[in-house]
>>> print(open('data34.cif').read())   # mmCIF, C-alpha atoms
data_run
#
loop_
_atom_site.label_atom_id
_atom_site.label_comp_id
_atom_site.auth_asym_id
_atom_site.auth_seq_id
_atom_site.Cartn_x
_atom_site.Cartn_y
_atom_site.Cartn_z
CA MET A 1 -19.72 47.10 50.96
CA LEU A 2 -20.84 49.09 54.01
CA PRO A 3 -17.30 50.31 54.90
CA TRP A 4 -16.83 51.43 51.30
CA LEU A 5 -20.16 53.26 51.36
CA ILE A 6 -19.22 55.05 54.58
CA ARG A 7 -15.86 56.11 53.10
CA ARG A 8 -17.60 57.25 49.93
CA VAL A 9 -20.07 59.38 51.87
CA LEU A 10 -17.27 60.92 53.95
CA THR A 11 -15.46 61.99 50.76
CA LEU A 12 -18.48 64.16 49.95
CA VAL A 13 -17.95 66.29 53.06
CA PRO A 14 -14.90 68.24 51.80
CA VAL A 15 -16.58 68.56 48.39
CA PHE A 16 -19.65 70.05 50.07
CA LEU A 17 -17.52 72.51 52.05
CA ALA A 18 -15.60 73.59 48.95
CA VAL A 19 -18.83 74.10 47.00
CA SER A 20 -20.34 76.12 49.84
CA VAL A 21 -17.30 78.41 49.91
CA VAL A 22 -17.50 78.98 46.16
CA ILE A 23 -21.24 79.69 46.25
CA PHE A 24 -20.96 82.11 49.17
CA SER A 25 -17.92 83.94 47.75
CA ILE A 26 -19.22 84.42 44.22
CA LEU A 27 -22.53 85.86 45.40
CA HIS A 28 -20.89 88.42 47.66
CA PHE A 29 -18.42 89.51 44.98
CA ILE A 30 -21.24 90.38 42.56
CA PRO A 31 -21.96 94.14 42.55
CA GLY A 32 -25.09 95.14 44.44
CA ASP A 33 -26.82 93.73 47.51
CA PRO A 34 -30.40 93.01 48.67
CA ILE A 35 -30.54 96.25 50.67
CA ASP A 36 -30.82 98.12 47.36
CA ASN A 37 -34.21 96.45 46.81
CA LEU A 38 -35.47 97.37 50.27
CA LEU A 39 -34.45 101.00 50.61
CA LYS A 40 -36.48 103.79 49.11
CA VAL A 41 -34.84 106.23 46.76
CA GLY A 42 -33.08 108.98 48.73
CA SER A 43 -32.89 107.01 51.99
CA PRO A 44 -30.13 108.24 54.29
CA ALA A 45 -26.93 106.28 54.90
CA SER A 46 -28.05 105.58 58.46
CA ALA A 47 -31.02 103.58 57.12
CA ARG A 48 -28.69 101.41 55.04
CA ALA A 49 -26.36 100.87 57.98
CA GLU A 50 -29.31 99.90 60.19
CA MET A 51 -30.58 97.32 57.69
CA GLU A 52 -27.10 95.91 57.08
CA ALA A 53 -26.71 95.41 60.83
CA ARG A 54 -30.16 93.79 61.05
CA TYR A 55 -29.30 91.15 58.44
CA GLY A 56 -25.66 90.72 59.48
CA LEU A 57 -24.27 92.14 56.23
CA ASP A 58 -22.00 94.56 58.10
CA ARG A 59 -19.79 91.73 59.38
CA ALA A 60 -16.68 90.36 57.70
CA LEU A 61 -17.33 87.79 54.97
CA PRO A 62 -15.62 84.92 56.84
CA VAL A 63 -17.86 85.61 59.84
CA GLN A 64 -20.97 85.72 57.65
CA TYR A 65 -19.93 82.44 56.01
CA GLY A 66 -19.36 80.74 59.36
CA ILE A 67 -22.76 81.84 60.67
CA TRP A 68 -24.52 80.73 57.48
CA LEU A 69 -22.78 77.34 57.33
CA GLY A 70 -23.45 76.70 61.02
CA LYS A 71 -27.15 77.32 60.48
CA VAL A 72 -27.16 75.07 57.40
CA PHE A 73 -25.75 72.18 59.44
CA GLN A 74 -28.57 72.80 61.93
CA GLY A 75 -31.17 72.63 59.14
CA ASP A 76 -31.80 76.39 59.14
CA LEU A 77 -31.49 77.94 55.67
CA GLY A 78 -32.18 81.42 57.00
CA THR A 79 -34.80 84.00 56.12
CA ALA A 80 -35.19 85.68 52.74
CA ILE A 81 -34.12 89.30 52.99
CA VAL A 82 -36.41 90.65 50.27
CA ALA A 83 -39.33 88.19 50.54
CA ARG A 84 -39.04 88.19 54.37
CA ARG A 85 -40.06 84.54 54.60
CA PRO A 86 -38.15 81.45 55.72
CA VAL A 87 -35.99 80.16 52.87
CA ALA A 88 -36.96 76.57 53.68
CA GLU A 89 -40.60 77.51 53.13
CA LEU A 90 -39.86 79.06 49.74
CA ILE A 91 -37.87 76.00 48.64
CA ALA A 92 -40.52 73.62 49.96
CA GLN A 93 -43.04 75.36 47.68
CA ALA A 94 -40.78 75.40 44.62
CA LEU A 95 -38.92 72.07 44.87
CA PRO A 96 -41.88 69.71 44.18
CA HIS A 97 -42.45 71.39 40.80
CA SER A 98 -38.78 70.98 39.85
CA LEU A 99 -38.66 67.38 41.10
CA ARG A 100 -41.78 66.49 39.11
CA LEU A 101 -40.39 68.08 35.98
CA GLY A 102 -36.91 66.61 36.45
CA GLY A 103 -38.21 63.14 37.35
CA LEU A 104 -40.42 62.93 34.26
CA ALA A 105 -37.57 64.24 32.08
CA LEU A 106 -35.25 61.57 33.50
CA LEU A 107 -37.87 58.89 32.84
CA PHE A 108 -38.33 60.18 29.29
CA SER A 109 -34.57 60.15 28.69
CA SER A 110 -34.25 56.64 30.09
CA VAL A 111 -37.08 54.97 28.19
CA VAL A 112 -36.62 56.70 24.84
CA GLY A 113 -32.80 56.73 24.98
CA ILE A 114 -32.44 53.04 25.88
CA THR A 115 -35.02 52.06 23.25
CA LEU A 116 -33.25 54.03 20.52
CA GLY A 117 -29.88 52.66 21.62
CA ILE A 118 -31.16 49.07 21.42
CA ILE A 119 -32.60 49.62 17.93
CA ALA A 120 -29.36 51.24 16.76
CA ALA A 121 -27.28 48.37 18.18
CA LEU A 122 -29.50 45.66 16.67
CA TRP A 123 -29.31 47.28 13.23
CA ARG A 124 -25.81 48.70 13.55
CA ASP A 125 -24.18 50.07 10.41
CA ARG A 126 -27.55 50.00 8.61
CA TRP A 127 -30.06 52.74 7.90
CA PRO A 128 -31.93 52.60 11.27
CA ASP A 129 -28.61 52.98 13.08
CA ARG A 130 -27.52 55.89 10.88
CA ALA A 131 -30.90 57.62 11.16
CA ILE A 132 -31.04 57.31 14.94
CA MET A 133 -27.45 58.41 15.47
CA GLY A 134 -27.96 61.34 13.11
CA GLY A 135 -31.08 62.44 14.99
CA VAL A 136 -29.30 61.94 18.30
CA LEU A 137 -26.42 64.15 17.16
CA VAL A 138 -28.81 66.95 16.19
CA GLY A 139 -30.77 66.62 19.44
CA SER A 140 -27.68 66.73 21.63
CA THR A 141 -26.46 70.01 20.09
CA MET A 142 -29.68 72.00 20.66
CA PRO A 143 -29.66 74.39 23.64
CA ASN A 144 -32.58 73.80 26.00
CA PHE A 145 -33.93 77.32 25.83
CA TRP A 146 -33.88 77.37 22.01
CA LEU A 147 -35.53 73.96 21.73
CA GLY A 148 -38.18 75.03 24.25
CA LEU A 149 -39.02 78.13 22.23
CA ILE A 150 -39.28 76.07 19.01
CA LEU A 151 -41.57 73.50 20.64
CA MET A 152 -43.67 76.29 22.14
CA LEU A 153 -44.02 77.99 18.76
CA VAL A 154 -45.00 74.80 16.90
CA PHE A 155 -47.14 72.90 19.40
CA SER A 156 -48.59 75.77 21.45
CA VAL A 157 -48.88 78.77 19.14
CA TRP A 158 -49.42 77.13 15.75
CA MET A 159 -51.20 73.88 16.68
CA GLY A 160 -52.64 74.83 20.06
CA TRP A 161 -52.12 71.35 21.53
CA PHE A 162 -50.42 72.44 24.75
CA PRO A 163 -50.49 75.58 26.92
CA VAL A 164 -47.82 78.17 26.27
CA SER A 165 -46.85 78.56 29.92
CA GLY A 166 -47.87 77.82 33.48
CA ALA A 167 -48.30 74.63 35.48
CA ARG A 168 -51.97 73.79 35.21
CA GLY A 169 -52.69 70.15 34.36
CA TRP A 170 -50.56 67.32 32.99
CA ASN A 171 -50.48 68.76 29.47
CA SER A 172 -48.46 71.74 30.71
CA LEU A 173 -45.65 69.30 31.54
CA VAL A 174 -45.32 67.73 28.09
CA LEU A 175 -43.26 70.39 26.31
CA PRO A 176 -40.94 71.16 29.27
CA VAL A 177 -40.30 67.43 29.83
CA VAL A 178 -39.47 66.88 26.16
CA THR A 179 -37.26 69.98 26.14
CA ILE A 180 -35.16 68.78 29.07
CA GLY A 181 -35.29 65.09 28.19
CA LEU A 182 -34.09 65.25 24.60
CA GLY A 183 -30.51 66.13 25.55
CA GLY A 184 -30.36 63.18 27.94
CA THR A 185 -32.00 60.93 25.36
CA ALA A 186 -29.15 61.55 22.94
CA LEU A 187 -26.51 60.69 25.56
CA VAL A 188 -28.31 57.56 26.79
CA ALA A 189 -28.89 56.30 23.25
CA ARG A 190 -25.21 56.65 22.32
CA ILE A 191 -23.99 54.95 25.48
CA THR A 192 -26.54 52.11 25.17
CA ARG A 193 -25.52 51.46 21.57
CA VAL A 194 -21.78 51.44 22.31
CA ALA A 195 -22.19 49.31 25.44
CA MET A 196 -24.29 46.71 23.61
CA ILE A 197 -21.84 46.51 20.71
CA GLU A 198 -18.96 45.99 23.15
CA ALA A 199 -20.92 43.42 25.17
CA VAL A 200 -21.65 41.37 22.04
CA ARG A 201 -17.91 40.74 21.69
CA GLN A 202 -17.63 39.17 25.14
CA ASP A 203 -16.93 35.45 25.53
CA PHE A 204 -20.20 34.72 27.34
CA VAL A 205 -22.16 35.84 24.26
CA THR A 206 -20.26 33.33 22.10
CA LEU A 207 -21.12 30.63 24.63
CA LEU A 208 -24.81 31.57 24.55
CA HIS A 209 -24.81 31.33 20.76
CA ALA A 210 -23.13 27.93 21.02
CA LYS A 211 -25.92 26.75 23.31
CA GLY A 212 -28.43 27.58 20.58
CA LEU A 213 -30.27 30.49 22.20
CA PRO A 214 -32.19 32.75 19.78
CA PRO A 215 -30.09 35.81 18.80
CA LEU A 216 -32.84 38.29 19.74
CA ARG A 217 -33.17 36.73 23.19
CA ILE A 218 -29.41 36.94 23.69
CA GLU A 219 -29.42 40.62 22.71
CA LEU A 220 -32.40 41.67 24.82
CA PHE A 221 -31.95 39.54 27.95
CA HIS A 222 -28.22 38.98 28.31
CA VAL A 223 -26.35 41.61 26.29
CA LEU A 224 -28.68 44.43 27.33
CA ARG A 225 -28.42 43.54 31.03
CA HIS A 226 -24.63 43.71 30.77
CA ALA A 227 -24.77 46.95 28.76
CA LEU A 228 -27.08 48.70 31.23
CA ILE A 229 -24.32 49.07 33.85
CA PRO A 230 -22.76 52.22 32.31
CA VAL A 231 -26.20 53.48 31.29
CA VAL A 232 -27.53 53.36 34.84
CA THR A 233 -24.41 55.16 36.07
CA ILE A 234 -24.89 57.96 33.53
CA LEU A 235 -28.58 58.29 34.39
CA ALA A 236 -27.73 58.67 38.08
CA LEU A 237 -25.14 61.32 37.24
CA ARG A 238 -27.74 63.22 35.23
CA ILE A 239 -30.05 63.69 38.22
CA GLY A 240 -28.29 66.88 39.27
CA TRP A 241 -27.77 68.10 35.73
CA ILE A 242 -31.46 67.66 34.91
CA LEU A 243 -32.46 69.76 37.93
CA GLY A 244 -29.91 72.36 36.85
CA GLY A 245 -31.16 72.27 33.27
CA ALA A 246 -34.70 72.80 34.51
CA ILE A 247 -33.75 76.35 35.53
CA THR A 248 -33.79 77.79 32.00
CA VAL A 249 -36.75 75.65 30.96
CA GLU A 250 -38.85 76.81 33.92
CA VAL A 251 -38.12 80.40 32.97
CA VAL A 252 -38.94 79.81 29.27
CA PHE A 253 -42.26 78.14 30.09
CA ALA A 254 -42.98 80.44 33.08
CA ARG A 255 -43.31 77.48 35.44
CA PRO A 256 -42.96 77.68 39.24
CA GLY A 257 -39.97 75.82 40.57
CA LEU A 258 -36.47 76.05 41.91
CA GLY A 259 -35.18 77.67 38.71
CA THR A 260 -37.76 80.43 38.72
CA LEU A 261 -37.11 81.08 42.41
CA LEU A 262 -33.35 81.19 41.77
CA ILE A 263 -33.57 83.63 38.85
CA LYS A 264 -35.95 85.93 40.75
CA SER A 265 -33.73 85.90 43.84
CA LEU A 266 -30.63 86.57 41.75
CA SER A 267 -32.21 89.68 40.28
CA GLN A 268 -32.96 90.86 43.85
CA HIS A 269 -29.56 89.82 45.24
CA ASP A 270 -31.41 87.89 47.95
CA TYR A 271 -28.36 86.06 49.30
CA PRO A 272 -29.99 83.46 51.59
CA VAL A 273 -32.39 82.24 48.87
CA VAL A 274 -29.76 82.10 46.12
CA GLN A 275 -27.27 80.32 48.39
CA ALA A 276 -29.89 77.74 49.38
CA CYS A 277 -30.99 77.11 45.78
CA LEU A 278 -27.43 76.68 44.52
CA LEU A 279 -26.60 74.45 47.46
CA MET A 280 -29.60 72.24 46.66
CA LEU A 281 -28.47 71.88 43.04
CA ALA A 282 -24.90 71.06 44.11
CA MET A 283 -26.16 68.45 46.58
CA ALA A 284 -28.28 66.90 43.83
CA VAL A 285 -25.16 66.46 41.69
CA MET A 286 -23.20 64.95 44.60
CA LEU A 287 -26.00 62.58 45.60
CA GLY A 288 -26.48 61.57 41.97
CA THR A 289 -22.78 60.70 41.76
CA LEU A 290 -23.03 58.64 44.94
CA LEU A 291 -26.16 56.88 43.69
CA GLY A 292 -24.42 56.06 40.40
CA ASP A 293 -21.49 54.46 42.21
CA VAL A 294 -23.81 52.42 44.45
CA LEU A 295 -25.97 51.20 41.57
CA GLN A 296 -22.91 50.27 39.55
CA ALA A 297 -21.58 48.23 42.48
CA MET A 298 -24.94 46.51 42.93
CA MET A 299 -25.14 45.56 39.25
CA ASP A 300 -21.52 44.51 38.70
CA PRO A 301 -20.20 41.70 40.94
CA ARG A 302 -16.62 42.52 39.91
CA ILE A 303 -16.91 45.95 41.53
CA ARG A 304 -18.41 44.45 44.68
CA ALA A 305 -15.51 41.98 44.86
CA ALA A 306 -13.02 44.86 44.56
CA MET A 307 -14.72 46.64 47.46
CA ALA A 308 -14.55 43.64 49.77
#
>>> encode(input="data34.cif", output="structure tokens")
Amino acid sequence: MLPWLIRRVLTLVPVFLAVSVVIFSILHFIPGDPIDNLLKVGSPASARAEMEARYGLDRALPVQYGIWLGKVFQGDLGTAIVARRPVAELIAQALPHSLRLGGLALLFSSVVGITLGIIAALWRDRWPDRAIMGGVLVGSTMPNFWLGLILMLVFSVWMGWFPVSGARGWNSLVLPVVTIGLGGTALVARITRVAMIEAVRQDFVTLLHAKGLPPLRIELFHVLRHALIPVVTILALRIGWILGGAITVEVVFARPGLGTLLIKSLSQHDYPVVQACLLMLAMAVMLGTLLGDVLQAMMDPRIRAAMA
């Protein structure tokens, strides 16, 4: 499995380079630049030229990209042009908030989604199945920002159970976690239900019934274990998407984090910060994909045999 893992990691290198090119190019093609936020109104052209030279913005884009990428490989994310602080320091302050929010949302999606999927599979084609799948369909179609505003209105403004915004105390995490987690819950519930229904039709389940094992034990201990393989893969893939989805939710709930830092830096055209934030999100998606493949191989002996 080790040679396969090495090959799999090496395939991420060209993906990383392609993503870095896209991120760098798009930012520099957007009208405006960070110098606009630093210069005073009426500043002479010489002042702009001096600041562009100081931050290397007067060089050709390929040269700027090469310098930036070289520093990234050395672990240097640069210095924020507007904030005038190391980008790594800004991310180190914001990332724990996003990881806490994303981790709890992933846990919420996993526990609630798998539980609902099991209930729907056990009572398939009956009213619990129809009710759960109907609720899942509604939940999966709601945009995060809209759902967050609705939850804020009901549970913060009307009922006063949770704070409207901020990141003070555990109760400030409840509404953002539910907002992000509901979309993943719908996906996990559907996949769990389908996987369990397909696993029930396998020959080993017929053999277990022939041995006289209780049906509920077969469903929960044997069928579910087989059905969790695609579920675990999907959950790993959602790691990056949950961090990305946290951007709008952090803004809606005015929480500190990578999303808030990204939006603020975008409004200021602070290239080094935006590039670093987007690169972190892209790496989260790539690492989540790798983790999903590894977990799937660990859980399924057939995949491990194919790798040998």
>>> atom_distance(input="data34.cif", atom1="atom CA of A:Leu237", atom2="atom CA of A:Gly292")
6.2 Å
>>> residues_around(input="data34.cif", residues="A:Gly134", least_positions_apart="3", cutoff="12 Å", atoms="all atoms listed in the file", output="number ranges by chain")
A: 116, 120, 127-131, 137-141, 186, 189-190
>>> atom_distance(input="data34.cif", atom1="atom CA of A:Val274", atom2="atom CA of A:Arg54")
19.0 Å
>>> residues_around(input="data34.cif", residues="stretch 251-268 of chain A", least_positions_apart="6", cutoff="10 Å", atoms="only C-alpha atoms", output="PDB file with C-alpha atoms, in the frame of the given file")
ATOM      1  CA  LEU A  27     -22.530  85.860  45.400  1.00  0.00           C
ATOM      2  CA  GLY A  32     -25.090  95.140  44.440  1.00  0.00           C
ATOM      3  CA  ASP A  33     -26.820  93.730  47.510  1.00  0.00           C
ATOM      4  CA  PRO A  34     -30.400  93.010  48.670  1.00  0.00           C
ATOM      5  CA  ILE A  35     -30.540  96.250  50.670  1.00  0.00           C
ATOM      6  CA  ASP A  36     -30.820  98.120  47.360  1.00  0.00           C
ATOM      7  CA  ASN A  37     -34.210  96.450  46.810  1.00  0.00           C
ATOM      8  CA  LEU A  38     -35.470  97.370  50.270  1.00  0.00           C
ATOM      9  CA  ALA A  80     -35.190  85.680  52.740  1.00  0.00           C
ATOM     10  CA  ILE A  81     -34.120  89.300  52.990  1.00  0.00           C
ATOM     11  CA  VAL A  82     -36.410  90.650  50.270  1.00  0.00           C
ATOM     12  CA  ALA A  83     -39.330  88.190  50.540  1.00  0.00           C
ATOM     13  CA  LEU A  90     -39.860  79.060  49.740  1.00  0.00           C
ATOM     14  CA  ILE A  91     -37.870  76.000  48.640  1.00  0.00           C
ATOM     15  CA  ALA A  92     -40.520  73.620  49.960  1.00  0.00           C
ATOM     16  CA  GLN A  93     -43.040  75.360  47.680  1.00  0.00           C
ATOM     17  CA  ALA A  94     -40.780  75.400  44.620  1.00  0.00           C
ATOM     18  CA  LEU A  95     -38.920  72.070  44.870  1.00  0.00           C
ATOM     19  CA  PRO A  96     -41.880  69.710  44.180  1.00  0.00           C
ATOM     20  CA  HIS A  97     -42.450  71.390  40.800  1.00  0.00           C
ATOM     21  CA  SER A  98     -38.780  70.980  39.850  1.00  0.00           C
ATOM     22  CA  LEU A  99     -38.660  67.380  41.100  1.00  0.00           C
ATOM     23  CA  ARG A 100     -41.780  66.490  39.110  1.00  0.00           C
ATOM     24  CA  LEU A 101     -40.390  68.080  35.980  1.00  0.00           C
ATOM     25  CA  ASN A 144     -32.580  73.800  26.000  1.00  0.00           C
ATOM     26  CA  PHE A 145     -33.930  77.320  25.830  1.00  0.00           C
ATOM     27  CA  TRP A 146     -33.880  77.370  22.010  1.00  0.00           C
ATOM     28  CA  GLY A 148     -38.180  75.030  24.250  1.00  0.00           C
ATOM     29  CA  LEU A 149     -39.020  78.130  22.230  1.00  0.00           C
ATOM     30  CA  MET A 152     -43.670  76.290  22.140  1.00  0.00           C
ATOM     31  CA  PRO A 163     -50.490  75.580  26.920  1.00  0.00           C
ATOM     32  CA  VAL A 164     -47.820  78.170  26.270  1.00  0.00           C
ATOM     33  CA  SER A 165     -46.850  78.560  29.920  1.00  0.00           C
ATOM     34  CA  GLY A 166     -47.870  77.820  33.480  1.00  0.00           C
ATOM     35  CA  ALA A 167     -48.300  74.630  35.480  1.00  0.00           C
ATOM     36  CA  ARG A 168     -51.970  73.790  35.210  1.00  0.00           C
ATOM     37  CA  SER A 172     -48.460  71.740  30.710  1.00  0.00           C
ATOM     38  CA  LEU A 173     -45.650  69.300  31.540  1.00  0.00           C
ATOM     39  CA  LEU A 175     -43.260  70.390  26.310  1.00  0.00           C
ATOM     40  CA  PRO A 176     -40.940  71.160  29.270  1.00  0.00           C
ATOM     41  CA  LEU A 243     -32.460  69.760  37.930  1.00  0.00           C
ATOM     42  CA  GLY A 244     -29.910  72.360  36.850  1.00  0.00           C
ATOM     43  CA  GLY A 245     -31.160  72.270  33.270  1.00  0.00           C
ATOM     44  CA  VAL A 274     -29.760  82.100  46.120  1.00  0.00           C
ATOM     45  CA  GLN A 275     -27.270  80.320  48.390  1.00  0.00           C
ATOM     46  CA  ALA A 276     -29.890  77.740  49.380  1.00  0.00           C
ATOM     47  CA  CYS A 277     -30.990  77.110  45.780  1.00  0.00           C
ATOM     48  CA  LEU A 278     -27.430  76.680  44.520  1.00  0.00           C
ATOM     49  CA  MET A 280     -29.600  72.240  46.660  1.00  0.00           C
ATOM     50  CA  LEU A 281     -28.470  71.880  43.040  1.00  0.00           C
TER      51      LEU A 281
END
>>> residues_around(input="data34.cif", residues="stretch 200-211 of chain A", least_positions_apart="3", cutoff="7 Å", atoms="all atoms listed in the file", output="ChimeraX atom specification")
/A:196-197,223
>>> residues_around(input="data34.cif", residues="A:Val21", least_positions_apart="5", cutoff="12 Å", atoms="all atoms listed in the file", output="number ranges by chain")
A: 14-16, 26-28, 61-62, 64-66, 68-69, 275, 278-279
>>> resolve_selection(input="data34.cif", expression="the PyMOL selection byres ((chain A and resi 117) around 12)", output="ChimeraX atom specification")
/A:109-116,118-124,128-133,135-136,185-197,220,224,227-228,231
>>> resolve_selection(input="data34.cif", expression="the PyMOL selection byres ((chain A and resi 87) around 6)", output="number ranges by chain")
A: 77-80, 86, 88-90, 273
>>> atom_distance(input="data34.cif", atom1="atom CA of A:Ala297", atom2="atom CA of A:Ala246")
29.0 Å
>>> resolve_selection(input="data34.cif", expression="the PyMOL selection byres ((chain A and resi 236) around 8)", output="ChimeraX atom specification")
/A:232-235,237-239,288-289,291-292
>>> write_last_selection(input="data34.cif", atoms="C-alpha atoms", output="CSV table (one decimal), in the frame of the given file")
chain,number,residue,atom,x,y,z
A,232,VAL,CA,-27.5,53.4,34.8
A,233,THR,CA,-24.4,55.2,36.1
A,234,ILE,CA,-24.9,58.0,33.5
A,235,LEU,CA,-28.6,58.3,34.4
A,237,LEU,CA,-25.1,61.3,37.2
A,238,ARG,CA,-27.7,63.2,35.2
A,239,ILE,CA,-30.0,63.7,38.2
A,288,GLY,CA,-26.5,61.6,42.0
A,289,THR,CA,-22.8,60.7,41.8
A,291,LEU,CA,-26.2,56.9,43.7
A,292,GLY,CA,-24.4,56.1,40.4
>>> closest_residue(input="data34.cif", among="A:Gly181, A:Gly102, A:Pro230, A:Gly169", to="A:Ala199", atoms="all atoms listed in the file")
A:Pro230
